[in-house]
Amino acid sequence: AYGASLRRKSNLHGADEAIILSHDGFVVEGALSSLVWWENEVLCAPDDSTRWLPSVTRLEVFELANQAGYSTRTTRVKPADLIGLELWLLSSLTGIRPVVDWVNLGGPVGAQKHLESFQRRLKLMASEL
């Protein structure tokens, strides 16, 4: 219920999702999704120093990345660190959604270079279940 409330408030500001930050300004997760990003050819997500809810979809996407030969890592970032990077929101309901704009980020998001192949892989994985 709290996540849905945050998302509704973000909608009032022109955003589809709210990103939760820690008390010291580091990215934790989305209100109803997990945020991941690409730094060069490494798929990244918030590390365990932030209090985020475990995400099955995040685990699956990280596994797909490893199977495809990509490195993955977890780290701490502030929103400004994500300027110009390929960003995704993950959820079990919607799969992988690209972030196409970030209200109040202060800069552009990056091109979606990996999105199509990972969406296809995730659908294949789901159909095998």
# chains A, B, ... in the order shown; residues from 1 in each chain; ligands from 1
call {"tool": "residues_around", "arguments": {"residues": "stretch 67-82 of chain A", "least_positions_apart": "4", "cutoff": "9 Å", "atoms": "only C-alpha atoms", "output": "list of chain:residue names"}}
result
A:Leu21, A:Gly25, A:Phe26, A:Val27, A:Val28, A:Trp37, A:Glu39, A:Glu41, A:Val42, A:Leu43, A:Cys44, A:Ala45, A:Pro46, A:Asp47, A:Asp48, A:Ser49, A:Thr50, A:Phe62, A:Glu63, A:Glu86, A:Leu87, A:Leu105, A:Gly106, A:Gly107, A:Pro108, A:Val109, A:Gly110
call {"tool": "residues_around", "arguments": {"residues": "A:Thr57", "least_positions_apart": "3", "cutoff": "10 Å", "atoms": "only C-alpha atoms", "output": "JSON, numbers by chain"}}
result
{"A": [33, 34, 54, 60, 61, 62, 63, 89, 90, 91, 92, 93, 94, 95, 96, 122]}
call {"tool": "write_last_selection", "arguments": {"atoms": "N, CA, C and O atoms", "output": "CSV table (one decimal), in the first residue's frame"}}
result
chain,number,residue,atom,x,y,z
A,33,SER,N,8.9,-1.5,-7.9
A,33,SER,CA,9.8,-2.2,-8.9
A,33,SER,C,11.2,-2.1,-8.4
A,33,SER,O,11.5,-1.4,-7.4
A,34,SER,N,12.1,-2.8,-9.0
A,34,SER,CA,13.5,-2.7,-8.8
A,34,SER,C,14.2,-1.9,-9.9
A,34,SER,O,13.8,-2.0,-11.1
A,54,PRO,N,13.7,-8.1,-1.6
A,54,PRO,CA,14.2,-9.1,-2.6
A,54,PRO,C,13.3,-9.1,-3.8
A,54,PRO,O,12.1,-9.1,-3.7
A,60,GLU,N,16.4,-13.1,-11.7
A,60,GLU,CA,16.3,-13.7,-13.0
A,60,GLU,C,17.1,-12.9,-14.1
A,60,GLU,O,17.8,-13.5,-14.9
A,61,VAL,N,16.9,-11.6,-14.0
A,61,VAL,CA,17.6,-10.8,-15.0
A,61,VAL,C,19.1,-10.8,-14.8
A,61,VAL,O,19.9,-10.9,-15.7
A,62,PHE,N,19.6,-10.8,-13.5
A,62,PHE,CA,21.0,-11.0,-13.3
A,62,PHE,C,21.5,-12.4,-13.8
A,62,PHE,O,22.6,-12.5,-14.3
A,63,GLU,N,20.7,-13.4,-13.6
A,63,GLU,CA,21.1,-14.7,-14.1
A,63,GLU,C,21.2,-14.7,-15.6
A,63,GLU,O,22.1,-15.3,-16.2
A,89,LEU,N,13.5,-0.6,-15.0
A,89,LEU,CA,12.7,-0.9,-13.9
A,89,LEU,C,12.2,-2.4,-14.1
A,89,LEU,O,11.8,-2.7,-15.2
A,90,LEU,N,12.3,-3.2,-13.0
A,90,LEU,CA,11.9,-4.6,-13.1
A,90,LEU,C,10.8,-4.9,-12.2
A,90,LEU,O,10.8,-4.4,-11.0
A,91,SER,N,9.9,-5.7,-12.6
A,91,SER,CA,8.8,-6.2,-11.7
A,91,SER,C,8.3,-7.5,-12.3
A,91,SER,O,8.4,-7.8,-13.5
A,92,SER,N,7.8,-8.4,-11.4
A,92,SER,CA,7.2,-9.6,-11.9
A,92,SER,C,6.0,-9.4,-12.8
A,92,SER,O,5.7,-10.2,-13.6
A,93,LEU,N,5.3,-8.3,-12.6
A,93,LEU,CA,4.1,-8.0,-13.3
A,93,LEU,C,4.4,-7.5,-14.7
A,93,LEU,O,3.8,-8.0,-15.7
A,94,THR,N,5.4,-6.6,-14.9
A,94,THR,CA,5.6,-6.0,-16.2
A,94,THR,C,7.0,-6.4,-16.8
A,94,THR,O,7.3,-6.0,-17.9
A,95,GLY,N,7.8,-7.2,-16.1
A,95,GLY,CA,9.0,-7.6,-16.6
A,95,GLY,C,10.0,-6.5,-16.6
A,95,GLY,O,10.2,-5.8,-15.6
A,96,ILE,N,10.7,-6.2,-17.8
A,96,ILE,CA,11.7,-5.1,-17.9
A,96,ILE,C,11.0,-3.9,-18.6
A,96,ILE,O,10.5,-4.1,-19.7
A,122,LEU,N,13.9,-12.9,-21.1
A,122,LEU,CA,13.0,-13.1,-20.0
A,122,LEU,C,11.7,-13.7,-20.3
A,122,LEU,O,11.2,-14.6,-19.6
call {"tool": "select_by_dssp", "arguments": {"residues": "chain A", "states": "helix (DSSP H, G or I)", "output": "MDAnalysis selection string"}}
result
chainID A and resid 2:12 56:67 79:82 115:128
call {"tool": "atom_distance", "arguments": {"atom1": "atom CA of A:Met125", "atom2": "atom CA of A:Ile20"}}
result
28.7 Å
call {"tool": "atom_distance", "arguments": {"atom1": "atom CA of A:Glu17", "atom2": "atom CA of A:Trp102"}}
result
9.4 Å
call {"tool": "atom_distance", "arguments": {"atom1": "atom CA of A:Asn40", "atom2": "atom CA of A:His23"}}
result
27.9 Å
call {"tool": "residues_around", "arguments": {"residues": "stretch 111-117 of chain A", "least_positions_apart": "6", "cutoff": "9 Å", "atoms": "only C-alpha atoms", "output": "PyMOL selection string"}}
result
chain A and resi 38+84-88+96-100
call {"tool": "write_last_selection", "arguments": {"atoms": "N, CA, C and O atoms", "output": "PDB file, in the first residue's frame"}}
result
ATOM      1  N   TRP A  38      22.980  -0.063 -16.451  1.00  0.00           N
ATOM      2  CA  TRP A  38      24.171  -0.564 -17.127  1.00  0.00           C
ATOM      3  C   TRP A  38      25.291   0.460 -17.016  1.00  0.00           C
ATOM      4  O   TRP A  38      25.105   1.617 -17.369  1.00  0.00           O
ATOM      5  N   GLY A  84      22.892   9.576 -18.006  1.00  0.00           N
ATOM      6  CA  GLY A  84      23.452   9.035 -19.237  1.00  0.00           C
ATOM      7  C   GLY A  84      23.532   7.522 -19.314  1.00  0.00           C
ATOM      8  O   GLY A  84      23.993   6.981 -20.312  1.00  0.00           O
ATOM      9  N   LEU A  85      23.077   6.824 -18.276  1.00  0.00           N
ATOM     10  CA  LEU A  85      23.151   5.358 -18.274  1.00  0.00           C
ATOM     11  C   LEU A  85      21.830   4.740 -18.714  1.00  0.00           C
ATOM     12  O   LEU A  85      20.754   5.329 -18.555  1.00  0.00           O
ATOM     13  N   GLU A  86      21.920   3.536 -19.263  1.00  0.00           N
ATOM     14  CA  GLU A  86      20.732   2.749 -19.596  1.00  0.00           C
ATOM     15  C   GLU A  86      20.126   2.260 -18.279  1.00  0.00           C
ATOM     16  O   GLU A  86      20.796   1.591 -17.489  1.00  0.00           O
ATOM     17  N   LEU A  87      18.858   2.608 -18.045  1.00  0.00           N
ATOM     18  CA  LEU A  87      18.172   2.281 -16.794  1.00  0.00           C
ATOM     19  C   LEU A  87      16.946   1.432 -17.081  1.00  0.00           C
ATOM     20  O   LEU A  87      16.232   1.679 -18.053  1.00  0.00           O
ATOM     21  N   TRP A  88      16.698   0.456 -16.206  1.00  0.00           N
ATOM     22  CA  TRP A  88      15.512  -0.382 -16.314  1.00  0.00           C
ATOM     23  C   TRP A  88      14.792  -0.440 -14.977  1.00  0.00           C
ATOM     24  O   TRP A  88      15.413  -0.407 -13.920  1.00  0.00           O
ATOM     25  N   ILE A  96      10.652  -6.201 -17.759  1.00  0.00           N
ATOM     26  CA  ILE A  96      11.660  -5.141 -17.867  1.00  0.00           C
ATOM     27  C   ILE A  96      11.028  -3.947 -18.576  1.00  0.00           C
ATOM     28  O   ILE A  96      10.532  -4.075 -19.695  1.00  0.00           O
ATOM     29  N   ARG A  97      11.043  -2.801 -17.911  1.00  0.00           N
ATOM     30  CA  ARG A  97      10.553  -1.563 -18.524  1.00  0.00           C
ATOM     31  C   ARG A  97      11.717  -0.584 -18.618  1.00  0.00           C
ATOM     32  O   ARG A  97      12.422  -0.354 -17.633  1.00  0.00           O
ATOM     33  N   PRO A  98      11.919   0.015 -19.773  1.00  0.00           N
ATOM     34  CA  PRO A  98      13.004   0.987 -19.897  1.00  0.00           C
ATOM     35  C   PRO A  98      12.633   2.299 -19.214  1.00  0.00           C
ATOM     36  O   PRO A  98      11.480   2.719 -19.231  1.00  0.00           O
ATOM     37  N   VAL A  99      13.615   2.925 -18.597  1.00  0.00           N
ATOM     38  CA  VAL A  99      13.428   4.285 -18.095  1.00  0.00           C
ATOM     39  C   VAL A  99      13.789   5.207 -19.255  1.00  0.00           C
ATOM     40  O   VAL A  99      14.909   5.158 -19.760  1.00  0.00           O
ATOM     41  N   VAL A 100      12.831   6.000 -19.699  1.00  0.00           N
ATOM     42  CA  VAL A 100      13.051   6.867 -20.854  1.00  0.00           C
ATOM     43  C   VAL A 100      13.287   8.315 -20.443  1.00  0.00           C
ATOM     44  O   VAL A 100      13.755   9.130 -21.231  1.00  0.00           O
TER      45      VAL A 100
END
call {"tool": "select_by_dssp", "arguments": {"residues": "stretch 79-128 of chain A", "states": "strand (DSSP E)", "output": "PyMOL selection string"}}
result
chain A and resi 86-91+95-98
